[in-house]
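Enquirer: Just upload.cif, nothing more (mmCIF, C-alpha atoms):
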```cif
data_start
loop_
_atom_site.label_atom_id
_atom_site.label_comp_id
_atom_site.auth_asym_id
_atom_site.auth_seq_id
_atom_site.Cartn_x
_atom_site.Cartn_y
_atom_site.Cartn_z
CA MET A 1 -97.61 -44.65 -5.07
CA THR A 2 -94.74 -45.06 -2.61
CA GLN A 3 -91.03 -45.17 -3.36
CA LYS A 4 -90.96 -48.73 -2.00
CA SER A 5 -93.71 -49.90 -4.33
CA LEU A 6 -91.91 -48.31 -7.29
CA LYS A 7 -88.68 -50.10 -6.37
CA THR A 8 -90.59 -53.38 -6.18
CA GLU A 9 -92.14 -52.79 -9.59
CA LEU A 10 -88.77 -51.79 -11.08
CA PHE A 11 -87.34 -55.10 -9.89
CA LYS A 12 -90.28 -57.14 -11.22
CA THR A 13 -90.08 -55.38 -14.58
CA TYR A 14 -86.33 -55.96 -14.73
CA LYS A 15 -86.72 -59.64 -13.81
CA LEU A 16 -89.31 -60.14 -16.56
CA ALA A 17 -87.57 -57.92 -19.13
CA LEU A 18 -84.02 -59.29 -18.84
CA PRO A 19 -84.61 -62.70 -20.50
CA ILE A 20 -86.87 -61.03 -23.07
CA ILE A 21 -84.12 -58.50 -23.85
CA ILE A 22 -81.51 -61.23 -24.20
CA GLY A 23 -83.88 -63.17 -26.43
CA GLN A 24 -84.57 -60.05 -28.51
CA LEU A 25 -80.84 -59.41 -28.67
CA GLY A 26 -80.36 -62.94 -29.99
CA VAL A 27 -82.93 -62.27 -32.72
CA ILE A 28 -81.30 -59.02 -33.82
CA LEU A 29 -77.82 -60.54 -33.57
CA MET A 30 -78.92 -63.03 -36.20
CA GLY A 31 -79.35 -60.10 -38.55
CA THR A 32 -76.18 -58.45 -37.25
CA SER A 33 -74.13 -61.62 -37.68
CA ASP A 34 -75.53 -62.04 -41.19
CA ASN A 35 -74.42 -58.51 -42.04
CA VAL A 36 -70.97 -58.91 -40.47
CA ILE A 37 -70.38 -62.23 -42.22
CA VAL A 38 -71.72 -60.96 -45.56
CA GLY A 39 -69.73 -57.72 -45.30
CA ARG A 40 -66.51 -59.52 -44.36
CA LEU A 41 -66.80 -62.42 -46.82
CA LEU A 42 -68.62 -60.89 -49.81
CA GLY A 43 -68.05 -57.10 -49.68
CA PRO A 44 -70.14 -53.91 -49.68
CA VAL A 45 -72.33 -54.70 -52.74
CA SER A 46 -73.58 -57.94 -51.19
CA LEU A 47 -74.00 -56.14 -47.86
CA GLY A 48 -76.17 -53.52 -49.55
CA ALA A 49 -78.20 -56.17 -51.43
CA ALA A 50 -78.83 -58.08 -48.21
CA GLY A 51 -79.79 -54.82 -46.50
CA VAL A 52 -82.44 -53.94 -49.11
CA ALA A 53 -83.84 -57.49 -49.18
CA ASN A 54 -83.93 -57.86 -45.40
CA SER A 55 -85.52 -54.44 -44.95
CA ILE A 56 -88.38 -55.14 -47.37
CA ALA A 57 -88.88 -58.71 -46.09
CA PHE A 58 -89.01 -57.52 -42.48
CA LEU A 59 -91.35 -54.70 -43.49
CA ILE A 60 -93.80 -57.29 -44.82
CA ALA A 61 -93.35 -59.48 -41.73
CA SER A 62 -93.76 -56.48 -39.40
CA LEU A 63 -97.54 -56.78 -39.62
CA ALA A 64 -97.22 -60.15 -37.89
CA VAL A 65 -94.32 -59.17 -35.65
CA GLY A 66 -96.30 -56.25 -34.21
CA GLY A 67 -99.58 -58.12 -34.34
CA MET A 68 -98.48 -61.20 -32.41
CA ALA A 69 -97.28 -59.01 -29.53
CA VAL A 70 -100.88 -58.35 -28.41
CA ILE A 71 -101.27 -61.98 -27.32
CA ALA A 72 -98.92 -61.94 -24.29
CA PRO A 73 -100.92 -59.28 -22.37
CA MET A 74 -104.11 -61.22 -23.21
CA VAL A 75 -102.49 -64.30 -21.63
CA SER A 76 -101.35 -62.44 -18.50
CA LYS A 77 -104.82 -60.88 -18.12
CA LEU A 78 -106.54 -64.30 -18.33
CA LEU A 79 -104.14 -65.73 -15.76
CA ALA A 80 -104.80 -62.79 -13.39
CA GLU A 81 -108.54 -63.29 -13.82
CA GLY A 82 -108.20 -67.04 -13.15
CA ASP A 83 -109.68 -67.96 -16.55
CA SER A 84 -107.10 -70.65 -17.36
CA PRO A 85 -109.52 -72.88 -19.37
CA LYS A 86 -109.72 -70.20 -22.04
CA LEU A 87 -105.94 -70.31 -22.53
CA SER A 88 -105.94 -73.50 -24.63
CA ALA A 89 -108.55 -71.99 -26.94
CA LEU A 90 -106.48 -68.81 -27.16
CA PHE A 91 -103.38 -70.87 -27.96
CA PHE A 92 -105.02 -72.73 -30.85
CA ASN A 93 -106.66 -69.63 -32.30
CA SER A 94 -103.35 -67.77 -32.05
CA LEU A 95 -101.83 -70.49 -34.24
CA LEU A 96 -104.71 -69.97 -36.70
CA ALA A 97 -103.95 -66.23 -36.68
CA ALA A 98 -100.29 -67.03 -37.38
CA LEU A 99 -101.38 -69.23 -40.31
CA LEU A 100 -103.48 -66.41 -41.74
CA TYR A 101 -100.63 -63.93 -41.39
CA SER A 102 -98.14 -66.36 -42.94
CA THR A 103 -100.36 -67.02 -45.95
CA VAL A 104 -101.25 -63.41 -46.71
CA LEU A 105 -97.77 -62.00 -46.07
CA SER A 106 -95.98 -64.74 -48.03
CA LEU A 107 -98.20 -64.11 -51.05
CA THR A 108 -97.47 -60.39 -50.70
CA GLY A 109 -93.75 -61.15 -50.58
CA PHE A 110 -93.87 -63.28 -53.71
CA VAL A 111 -95.55 -60.41 -55.60
CA VAL A 112 -92.78 -58.04 -54.47
CA TYR A 113 -90.17 -60.60 -55.58
CA ARG A 114 -91.79 -60.74 -59.01
CA TYR A 115 -91.48 -56.95 -59.34
CA PHE A 116 -88.27 -56.43 -57.36
CA SER A 117 -86.89 -54.10 -60.04
CA ILE A 118 -89.35 -51.32 -59.11
CA LEU A 119 -87.21 -50.63 -56.01
CA GLY A 120 -84.84 -48.77 -58.33
CA GLN A 121 -81.58 -50.28 -57.09
CA THR A 122 -78.40 -50.75 -59.11
CA GLU A 123 -78.16 -53.79 -61.37
CA ALA A 124 -75.60 -55.47 -59.09
CA VAL A 125 -77.74 -54.99 -55.97
CA GLU A 126 -80.88 -56.17 -57.75
CA SER A 127 -79.32 -59.36 -59.17
CA LEU A 128 -78.05 -60.39 -55.74
CA GLY A 129 -80.94 -59.07 -53.67
CA ALA A 130 -83.95 -60.61 -55.49
CA PRO A 131 -83.18 -64.34 -54.89
CA PHE A 132 -82.01 -63.55 -51.36
CA PHE A 133 -85.31 -61.76 -50.74
CA PHE A 134 -87.34 -64.77 -51.94
CA LEU A 135 -85.59 -67.04 -49.44
CA ILE A 136 -86.04 -64.59 -46.56
CA ILE A 137 -89.79 -64.48 -47.29
CA LEU A 138 -89.83 -68.26 -46.77
CA ALA A 139 -87.82 -67.84 -43.55
CA ASN A 140 -90.50 -65.47 -42.24
CA ILE A 141 -93.07 -68.30 -42.01
CA PRO A 142 -91.47 -70.23 -39.11
CA MET A 143 -90.59 -66.88 -37.51
CA ILE A 144 -94.27 -65.84 -37.40
CA PHE A 145 -95.30 -69.14 -35.77
CA PHE A 146 -92.40 -68.86 -33.31
CA LEU A 147 -93.54 -65.36 -32.33
CA ALA A 148 -97.11 -66.59 -31.80
CA VAL A 149 -96.01 -69.47 -29.57
CA LYS A 150 -93.51 -67.42 -27.56
CA GLN A 151 -96.28 -65.06 -26.45
CA PHE A 152 -97.52 -67.78 -24.11
CA SER A 153 -94.22 -68.36 -22.34
CA ASP A 154 -93.92 -64.57 -22.02
CA GLY A 155 -97.52 -64.20 -20.84
CA PHE A 156 -96.90 -66.84 -18.15
CA SER A 157 -93.91 -64.67 -17.06
CA LYS A 158 -91.55 -67.50 -18.04
CA PRO A 159 -89.55 -65.97 -20.91
CA SER A 160 -86.24 -67.67 -20.04
CA ILE A 161 -86.79 -70.69 -22.31
CA VAL A 162 -87.24 -68.42 -25.35
CA MET A 163 -83.99 -66.69 -24.42
CA TYR A 164 -82.07 -69.99 -24.41
CA ILE A 165 -83.71 -71.20 -27.62
CA THR A 166 -82.93 -67.92 -29.37
CA LEU A 167 -79.28 -68.03 -28.33
CA LEU A 168 -79.05 -71.61 -29.61
CA GLY A 169 -80.64 -70.46 -32.86
CA LEU A 170 -78.06 -67.67 -33.09
CA VAL A 171 -75.17 -70.16 -32.83
CA PHE A 172 -76.81 -72.38 -35.45
CA ASP A 173 -77.45 -69.39 -37.73
CA ILE A 174 -73.85 -68.12 -37.57
CA THR A 175 -72.44 -71.58 -38.22
CA GLY A 176 -74.86 -72.23 -41.07
CA ASN A 177 -74.09 -68.88 -42.69
CA VAL A 178 -70.33 -69.41 -42.74
CA VAL A 179 -70.66 -72.99 -43.96
CA LEU A 180 -73.21 -72.24 -46.70
CA ILE A 181 -71.70 -68.96 -47.91
CA ARG A 182 -68.19 -70.39 -48.26
CA GLY A 183 -69.09 -74.00 -49.02
CA LEU A 184 -67.31 -75.97 -46.31
CA TRP A 185 -67.12 -79.74 -45.83
CA ILE A 186 -69.87 -81.45 -47.92
CA PHE A 187 -71.85 -78.26 -48.49
CA PRO A 188 -71.71 -76.29 -51.78
CA GLU A 189 -70.66 -72.65 -51.97
CA LEU A 190 -73.93 -70.68 -52.15
CA GLY A 191 -72.67 -67.12 -51.68
CA LEU A 192 -75.22 -64.61 -50.42
CA ASN A 193 -78.13 -67.07 -50.70
CA GLY A 194 -76.38 -69.32 -48.20
CA ALA A 195 -77.02 -66.75 -45.48
CA ALA A 196 -80.76 -66.86 -46.19
CA ILE A 197 -80.88 -70.67 -46.23
CA GLY A 198 -79.06 -70.76 -42.90
CA THR A 199 -81.71 -68.41 -41.49
CA ILE A 200 -84.53 -70.70 -42.67
CA PHE A 201 -83.10 -73.73 -40.88
CA SER A 202 -82.27 -71.83 -37.68
CA ARG A 203 -85.86 -70.53 -37.42
CA LEU A 204 -87.33 -73.99 -38.03
CA LEU A 205 -85.08 -75.35 -35.29
CA MET A 206 -86.18 -72.66 -32.84
CA LEU A 207 -89.89 -73.26 -33.49
CA GLY A 208 -89.54 -77.03 -33.11
CA ILE A 209 -87.65 -76.80 -29.81
CA LEU A 210 -90.11 -74.26 -28.32
CA LEU A 211 -93.16 -76.39 -29.19
CA PHE A 212 -91.51 -79.50 -27.76
CA TYR A 213 -90.62 -77.69 -24.54
CA LEU A 214 -94.11 -76.27 -23.96
CA ARG A 215 -95.70 -79.64 -24.71
CA THR A 216 -93.59 -81.43 -22.10
CA GLN A 217 -93.69 -78.89 -19.23
CA PRO A 218 -96.48 -79.21 -16.60
CA ALA A 219 -97.01 -75.43 -16.39
CA PHE A 220 -98.01 -75.28 -20.07
CA ARG A 221 -99.96 -78.54 -20.44
CA LEU A 222 -103.27 -76.73 -20.20
CA LEU A 223 -102.43 -75.08 -23.55
CA PHE A 224 -102.54 -78.49 -25.22
CA HIS A 225 -106.04 -79.44 -23.99
CA LEU A 226 -107.09 -80.77 -27.39
CA PRO A 227 -110.90 -80.72 -26.83
CA ARG A 228 -110.61 -76.92 -26.67
CA TRP A 229 -108.58 -76.78 -29.89
CA LYS A 230 -111.41 -75.52 -32.04
CA ALA A 231 -111.69 -72.53 -34.32
CA ASP A 232 -113.51 -69.91 -32.27
CA LYS A 233 -114.78 -67.19 -34.56
CA ALA A 234 -115.29 -64.69 -31.73
CA LEU A 235 -111.87 -65.33 -30.18
CA LEU A 236 -110.06 -65.30 -33.53
CA SER A 237 -111.84 -62.05 -34.39
CA GLU A 238 -110.71 -60.56 -31.07
CA ILE A 239 -107.09 -61.55 -31.78
CA LEU A 240 -107.25 -60.05 -35.26
CA ARG A 241 -109.11 -56.95 -34.08
CA ARG A 242 -106.24 -56.22 -31.71
CA SER A 243 -103.36 -57.58 -33.75
CA VAL A 244 -104.05 -56.00 -37.15
CA PRO A 245 -103.88 -52.38 -35.87
CA ALA A 246 -100.89 -53.32 -33.68
CA GLY A 247 -99.26 -54.81 -36.76
CA PHE A 248 -99.78 -51.57 -38.64
CA GLN A 249 -98.11 -49.68 -35.79
CA ALA A 250 -94.97 -51.71 -36.44
CA PHE A 251 -95.49 -51.50 -40.20
CA PHE A 252 -95.63 -47.70 -40.31
CA GLU A 253 -92.36 -47.39 -38.40
CA ILE A 254 -90.49 -50.14 -40.22
CA ALA A 255 -91.84 -48.91 -43.57
CA ALA A 256 -90.27 -45.52 -42.92
CA PHE A 257 -86.90 -47.12 -42.23
CA SER A 258 -87.27 -49.51 -45.18
CA PHE A 259 -88.06 -46.64 -47.53
CA ALA A 260 -85.03 -44.86 -46.12
CA VAL A 261 -82.99 -47.86 -47.30
CA ILE A 262 -84.41 -47.41 -50.78
CA MET A 263 -83.61 -43.69 -50.75
CA MET A 264 -80.04 -44.52 -49.72
CA GLY A 265 -79.81 -46.76 -52.77
CA TRP A 266 -80.68 -43.73 -54.90
CA LEU A 267 -77.57 -41.99 -53.56
CA SER A 268 -74.88 -44.68 -54.01
CA GLU A 269 -73.86 -48.21 -53.07
CA THR A 270 -71.45 -46.75 -50.49
CA GLU A 271 -74.22 -44.74 -48.79
CA LEU A 272 -76.43 -47.83 -48.87
CA ALA A 273 -73.80 -49.98 -47.16
CA ALA A 274 -73.17 -47.21 -44.59
CA HIS A 275 -76.88 -46.94 -43.85
CA GLN A 276 -77.16 -50.71 -43.45
CA ILE A 277 -74.43 -50.71 -40.81
CA ALA A 278 -75.89 -47.75 -38.91
CA ILE A 279 -79.45 -49.05 -39.03
CA ASN A 280 -78.26 -52.45 -37.82
CA VAL A 281 -76.63 -50.83 -34.79
CA VAL A 282 -79.75 -48.87 -33.80
CA ALA A 283 -81.98 -51.87 -34.56
CA THR A 284 -79.97 -53.79 -31.98
CA THR A 285 -80.63 -51.22 -29.26
CA TYR A 286 -84.26 -50.86 -30.40
CA MET A 287 -84.93 -54.59 -30.14
CA MET A 288 -83.47 -54.58 -26.64
CA ALA A 289 -85.76 -51.65 -25.77
CA THR A 290 -88.73 -53.71 -26.96
CA GLY A 291 -87.92 -56.07 -24.08
CA PHE A 292 -88.91 -53.33 -21.64
CA ALA A 293 -91.97 -52.55 -23.77
CA HIS A 294 -93.02 -56.20 -23.84
CA ALA A 295 -92.44 -56.63 -20.11
CA GLY A 296 -94.40 -53.44 -19.46
CA SER A 297 -97.34 -54.66 -21.56
CA ILE A 298 -97.42 -57.96 -19.64
CA ARG A 299 -97.25 -56.22 -16.24
CA VAL A 300 -99.99 -53.76 -17.29
CA GLY A 301 -102.15 -56.64 -18.60
CA GLU A 302 -101.76 -58.45 -15.29
CA ALA A 303 -102.65 -55.31 -13.31
CA TRP A 304 -105.67 -54.78 -15.54
CA GLY A 305 -106.79 -58.37 -14.92
CA LYS A 306 -106.60 -57.66 -11.17
CA ARG A 307 -108.43 -54.32 -11.64
CA ASN A 308 -105.47 -52.53 -10.03
CA SER A 309 -105.26 -48.92 -11.30
CA THR A 310 -102.24 -48.14 -9.16
CA GLY A 311 -100.46 -51.24 -10.50
CA ILE A 312 -101.07 -50.08 -14.07
CA ARG A 313 -99.44 -46.71 -13.42
CA LEU A 314 -96.57 -48.29 -11.50
CA SER A 315 -95.89 -50.71 -14.36
CA GLY A 316 -95.80 -47.83 -16.83
CA ARG A 317 -93.49 -45.73 -14.71
CA ALA A 318 -91.10 -48.65 -14.21
CA ALA A 319 -90.97 -49.44 -17.95
CA TYR A 320 -90.31 -45.79 -18.87
CA THR A 321 -87.62 -45.49 -16.18
CA TRP A 322 -85.75 -48.54 -17.41
CA VAL A 323 -85.89 -47.67 -21.10
CA ILE A 324 -84.76 -44.05 -20.61
CA GLY A 325 -81.77 -45.19 -18.57
CA PHE A 326 -80.86 -47.96 -21.00
CA MET A 327 -81.21 -45.92 -24.19
CA GLY A 328 -79.32 -43.02 -22.63
CA LEU A 329 -76.41 -45.39 -22.00
CA CYS A 330 -76.62 -46.67 -25.58
CA SER A 331 -76.45 -43.09 -26.88
CA LEU A 332 -73.26 -42.50 -24.92
CA VAL A 333 -71.65 -45.72 -26.19
CA ILE A 334 -72.46 -44.87 -29.81
CA LEU A 335 -71.03 -41.36 -29.50
CA LEU A 336 -67.82 -42.59 -27.87
CA PHE A 337 -67.15 -45.75 -29.87
CA GLY A 338 -68.93 -45.23 -33.21
CA GLN A 339 -65.79 -45.65 -35.34
CA TRP A 340 -64.85 -48.95 -33.69
CA ILE A 341 -68.44 -50.21 -34.01
CA ILE A 342 -68.41 -49.59 -37.76
CA ARG A 343 -65.09 -51.42 -38.19
CA ILE A 344 -66.68 -54.56 -36.74
CA TYR A 345 -68.76 -54.74 -39.92
CA ILE A 346 -66.35 -53.77 -42.66
CA GLU A 347 -62.86 -52.37 -43.30
CA ASP A 348 -63.69 -49.81 -45.98
CA ASP A 349 -62.67 -46.17 -45.52
CA ALA A 350 -65.41 -44.80 -47.79
CA VAL A 351 -68.14 -46.71 -45.95
CA LEU A 352 -66.64 -45.68 -42.60
CA ALA A 353 -66.69 -42.00 -43.56
CA ALA A 354 -70.31 -42.27 -44.71
CA ALA A 355 -71.54 -44.27 -41.68
CA LEU A 356 -69.99 -42.20 -38.88
CA PRO A 357 -72.26 -39.12 -39.20
CA LEU A 358 -75.29 -41.42 -39.42
CA LEU A 359 -74.36 -43.02 -36.12
CA THR A 360 -74.02 -39.54 -34.59
CA VAL A 361 -77.63 -38.75 -35.53
CA ALA A 362 -78.68 -42.22 -34.35
CA ALA A 363 -77.22 -41.56 -30.92
CA PHE A 364 -79.67 -38.69 -30.46
CA PHE A 365 -82.80 -40.59 -31.45
CA GLN A 366 -82.08 -43.52 -29.11
CA LEU A 367 -84.17 -41.91 -26.37
CA SER A 368 -87.06 -41.09 -28.70
CA ASP A 369 -87.01 -44.61 -30.09
CA GLY A 370 -87.05 -46.22 -26.65
CA VAL A 371 -89.77 -43.96 -25.24
CA GLN A 372 -92.08 -44.49 -28.21
CA VAL A 373 -91.77 -48.29 -28.23
CA VAL A 374 -92.52 -48.47 -24.50
CA GLY A 375 -95.53 -46.21 -25.05
CA LEU A 376 -96.84 -48.61 -27.68
CA GLY A 377 -96.25 -51.61 -25.42
CA LEU A 378 -98.05 -50.11 -22.43
CA LEU A 379 -101.03 -49.05 -24.52
CA ARG A 380 -101.12 -52.51 -26.10
CA GLY A 381 -101.36 -53.99 -22.60
CA LEU A 382 -104.43 -51.79 -22.02
CA ALA A 383 -105.96 -52.88 -25.36
CA ASP A 384 -105.68 -49.29 -26.62
CA ILE A 385 -104.70 -49.89 -30.24
CA ARG A 386 -106.60 -47.54 -32.58
CA ILE A 387 -105.34 -44.07 -31.51
CA PRO A 388 -101.68 -45.22 -31.21
CA THR A 389 -101.97 -46.55 -34.75
CA TYR A 390 -103.00 -43.09 -35.98
CA ILE A 391 -100.11 -41.54 -34.05
CA THR A 392 -97.56 -43.88 -35.66
CA PHE A 393 -99.01 -43.25 -39.13
CA ILE A 394 -98.66 -39.48 -38.73
CA ALA A 395 -95.20 -39.78 -37.16
CA TYR A 396 -93.64 -41.83 -39.93
CA TRP A 397 -95.65 -41.19 -43.08
CA VAL A 398 -96.71 -37.57 -42.59
CA ILE A 399 -93.58 -36.34 -40.78
CA ALA A 400 -90.57 -38.68 -41.07
CA LEU A 401 -90.62 -39.71 -44.73
CA PRO A 402 -91.49 -36.28 -46.24
CA ALA A 403 -88.90 -34.65 -43.96
CA SER A 404 -86.29 -37.23 -44.98
CA TYR A 405 -86.88 -36.56 -48.66
CA LEU A 406 -86.93 -32.77 -48.14
CA LEU A 407 -83.74 -32.72 -46.09
CA GLY A 408 -81.92 -35.45 -48.00
CA PHE A 409 -82.62 -34.46 -51.60
CA LEU A 410 -84.19 -31.01 -51.86
CA LEU A 411 -81.88 -29.45 -49.27
CA HIS A 412 -78.98 -31.71 -50.37
CA LEU A 413 -78.08 -33.03 -46.91
CA GLU A 414 -78.16 -36.51 -48.50
CA SER A 415 -77.81 -39.43 -46.06
CA VAL A 416 -77.65 -37.24 -42.93
CA GLY A 417 -80.81 -35.43 -44.02
CA ILE A 418 -82.64 -38.72 -44.43
CA TRP A 419 -81.72 -39.68 -40.87
CA LEU A 420 -82.69 -36.28 -39.45
CA GLY A 421 -86.15 -36.79 -40.95
CA LEU A 422 -86.42 -40.15 -39.17
CA LEU A 423 -85.40 -38.44 -35.92
CA LEU A 424 -88.27 -35.95 -36.25
CA GLY A 425 -90.81 -38.73 -36.73
CA LEU A 426 -89.52 -40.76 -33.79
CA THR A 427 -89.64 -37.73 -31.47
CA PHE A 428 -93.23 -36.90 -32.45
CA SER A 429 -94.25 -40.52 -31.83
CA ALA A 430 -92.53 -40.64 -28.43
CA VAL A 431 -94.19 -37.44 -27.16
CA PHE A 432 -97.73 -38.20 -28.29
CA LEU A 433 -97.70 -41.86 -27.24
CA TYR A 434 -96.63 -40.78 -23.75
CA VAL A 435 -99.48 -38.25 -23.64
CA ARG A 436 -101.90 -40.97 -24.77
CA TYR A 437 -100.67 -43.45 -22.15
CA ASN A 438 -100.89 -40.80 -19.42
CA LYS A 439 -104.55 -40.27 -20.34
CA VAL A 440 -105.61 -43.91 -20.77
CA SER A 441 -103.89 -45.17 -17.62
CA ARG A 442 -106.04 -42.81 -15.52
CA ARG A 443 -109.38 -43.97 -16.90
CA PRO A 444 -111.73 -45.99 -14.64
CA LEU A 445 -111.23 -49.71 -15.25
CA PRO A 446 -114.11 -51.73 -16.75
CA ALA A 447 -115.86 -54.28 -14.54
CA ALA A 448 -114.59 -57.89 -14.60
#
```
Show me the file's structure as structure tokens.
Expert:
Amino acid sequence: MTQKSLKTELFKTYKLALPIIIGQLGVILMGTSDNVIVGRLLGPVSLGAAGVANSIAFLIASLAVGGMAVIAPMVSKLLAEGDSPKLSALFFNSLLAALLYSTVLSLTGFVVYRYFSILGQTEAVESLGAPFFFLIILANIPMIFFLAVKQFSDGFSKPSIVMYITLLGLVFDITGNVVLIRGLWIFPELGLNGAAIGTIFSRLLMLGILLFYLRTQPAFRLLFHLPRWKADKALLSEILRRSVPAGFQAFFEIAAFSFAVIMMGWLSETELAAHQIAINVVATTYMMATGFAHAGSIRVGEAWGKRNSTGIRLSGRAAYTWVIGFMGLCSLVILLFGQWIIRIYIEDDAVLAAALPLLTVAAFFQLSDGVQVVGLGLLRGLADIRIPTYITFIAYWVIALPASYLLGFLLHLESVGIWLGLLLGLTFSAVFLYVRYNKVSRRPLPAA
């Protein structure tokens, strides 16, 4: 493993990751813009209600968000092996998997909506959050299909189109939110629900444009070879066998953060709004870090398809190098400019005072968060799903959540204690996923 080969791999990872990162940033900025607009136009109670609803809705969707990510390395592996005819069958069966996820997760969401009161929030938060939650569950359906389709542009190492579509969707989402919340021109004033309706239409637009683009581009025409568009029980089972555990990896982490939102609601509406701002900031850096994880999984999948052990280890080293440097920079920015970051969301002295110490803790778990998500991505590229799923379960449900409750409520550290518990879970996950990747990447590769 020469220095020159590492530099080459760093460049290839960067070239692949950059449009993915910008696309991921566009996705998270939709949530950020929603929070900024809601906080500015409707105040801290609506911001807290949106935070609870979005957290639970994204928790439910996380099974698909994490699950769909296994498809891109499958695509890059098939391309490296020269098995392009199988790609159209994989494309169709990935859409079937997206349909299954959409059906099951939407039904789950509707049950949660029916019993929204069990979350134990204040009456004001519950009355605003429940209808908003219902609409976000509907918005998750086009998002799941979009994620399934985008895996193929990513797997072909052509993620730029998704970047442009996502940025267009962001502009549409911001415009729709302002118009529908306030009721401008011919549109009625819908308040908080207007933000959710704007999200539905922006996601439908993004899915439609991506499908149209892939259908009309020569590089992707083989995906639309209709004679191969048949339900393949073995292929669909393979997708689900990989995607369901990968989905639970995302679920366990997001569930910990979602339950932290609920615990914040037990403290006060001010603490809830402060948490929503802080979690939105770190979610932005996290989603950008997933760009390196996704690029790493694609590069590892390609190296695996070529039976290149050295390439697998180079891809992992490059992904870890990039994410450590990036998240270290994010930590520094948060520590230096935390107060100004909070004021972007809301001008409320009580919320500012509550959010600032949370951002200080968040600055320290940036590195752990980035390292653990890259570890998951690299192992996903090697089809190593089961053990990482156990690691994430222990990290968030055995360590993070109990520690958050112990520190936050029993030791009376309140919101800071909740975040320190999350930091412990993230650090455990980062260390053990790296150990797992180090072991798996050195195994002999199976025959073609």
Enquirer: Around (-99.2, -49.8, -40.1) in the file's own coordinates, what residues are found within 9 Å if you use all atoms listed in the file, given back as a list in words?
Expert: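 In the file's frame, the residues around the point are Ser62, Leu63, Val244, Pro245, Ala246, Gly247, Phe248, Gln249, Ala250, Phe251, Phe252, Glu253, Ile254, Ala255, Thr389, Tyr390, Thr392 and Phe393 of chain A.
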Enquirer: As a check of understanding, name the residues that the PyMOL selection byres ((chain A and resi 42-54) around 7) selects in the supplied structure, as a PyMOL selection string.
Expert: chain A and resi 35+38-41+55-58+125-126+128-129+132-133+192+261+269+272-273+276
Enquirer: Which one of A:Ser429, A:Gln151, A:Asn193, A:Ser94 sits closest to Phe134 (chain A) if you count only C-alpha atoms?
Expert: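 Closest candidate: A:Asn193.
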Enquirer: Taking the file as shown, what set of residues would the PyMOL selection byres ((chain A and resi 293) around 10) give back, as a PyMOL selection string?
Expert: chain A and resi 13+17+20-21+287-292+294-299+316+319-320+322-323+370-381
Enquirer: Applied to this file, what does the PyMOL selection byres ((chain A and resi 91) around 9) return in terms of residues, put as a list in words?
Expert: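 Written out, the selection comes to Lys86, Leu87, Ser88, Ala89, Leu90, Phe92, Asn93, Ser94, Leu95, Leu96, Ala148, Val149, Phe152, Leu223, Phe224 and Trp229 of chain A.
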Enquirer: Write out as a ChimeraX atom specification which residues come within 12 Å of Thr103 (chain A) when counting all atoms listed in the file, dropping same-chain ones fewer than 2 positions away.
Expert: /A:60-61,64,96-101,105-110,137-138,140-142,144-145
Enquirer: Given the selection you just returned, output its residues as a file containing C-alpha atoms, formatted as an mmCIF file, keeping the file's coordinate frame.
Expert:
```cif
data_model
loop_
_atom_site.group_PDB
_atom_site.id
_atom_site.type_symbol
_atom_site.label_atom_id
_atom_site.label_comp_id
_atom_site.auth_asym_id
_atom_site.auth_seq_id
_atom_site.Cartn_x
_atom_site.Cartn_y
_atom_site.Cartn_z
ATOM 1 C CA ILE A 60 -93.800 -57.290 -44.820
ATOM 2 C CA ALA A 61 -93.350 -59.480 -41.730
ATOM 3 C CA ALA A 64 -97.220 -60.150 -37.890
ATOM 4 C CA LEU A 96 -104.710 -69.970 -36.700
ATOM 5 C CA ALA A 97 -103.950 -66.230 -36.680
ATOM 6 C CA ALA A 98 -100.290 -67.030 -37.380
ATOM 7 C CA LEU A 99 -101.380 -69.230 -40.310
ATOM 8 C CA LEU A 100 -103.480 -66.410 -41.740
ATOM 9 C CA TYR A 101 -100.630 -63.930 -41.390
ATOM 10 C CA LEU A 105 -97.770 -62.000 -46.070
ATOM 11 C CA SER A 106 -95.980 -64.740 -48.030
ATOM 12 C CA LEU A 107 -98.200 -64.110 -51.050
ATOM 13 C CA THR A 108 -97.470 -60.390 -50.700
ATOM 14 C CA GLY A 109 -93.750 -61.150 -50.580
ATOM 15 C CA PHE A 110 -93.870 -63.280 -53.710
ATOM 16 C CA ILE A 137 -89.790 -64.480 -47.290
ATOM 17 C CA LEU A 138 -89.830 -68.260 -46.770
ATOM 18 C CA ASN A 140 -90.500 -65.470 -42.240
ATOM 19 C CA ILE A 141 -93.070 -68.300 -42.010
ATOM 20 C CA PRO A 142 -91.470 -70.230 -39.110
ATOM 21 C CA ILE A 144 -94.270 -65.840 -37.400
ATOM 22 C CA PHE A 145 -95.300 -69.140 -35.770
#
```
Enquirer: Given 3 Å on each side, where is the centre and what are the edge lengths in Å to one decimal of the axis-aligned box enclosing the listed atoms of region 118-137 of chain A, as lines of an AutoDock Vina configuration file?
Expert:
```
center_x = -82.7
center_y = -57.9
center_z = -54.0
size_x = 20.2
size_y = 24.3
size_z = 20.8
```
Enquirer: Fewer than 5 positions away in the same chain doesn't count, so skip those; otherwise give me all residues within 9 Å of Ser441 (chain A), counting all atoms listed in the file, as a list in words.
Expert: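 Near neighbours after the sequence-gap exclusion: Ser309, Ile312, Arg313, Gly316, Leu379, Leu382 and Arg436 of chain A.
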Enquirer: Between A:Leu184, A:Met264, A:Val282, A:Val440, which has the minimum distance to Gln121 (chain A) (counting only C-alpha atoms)?
Expert: A:Met264
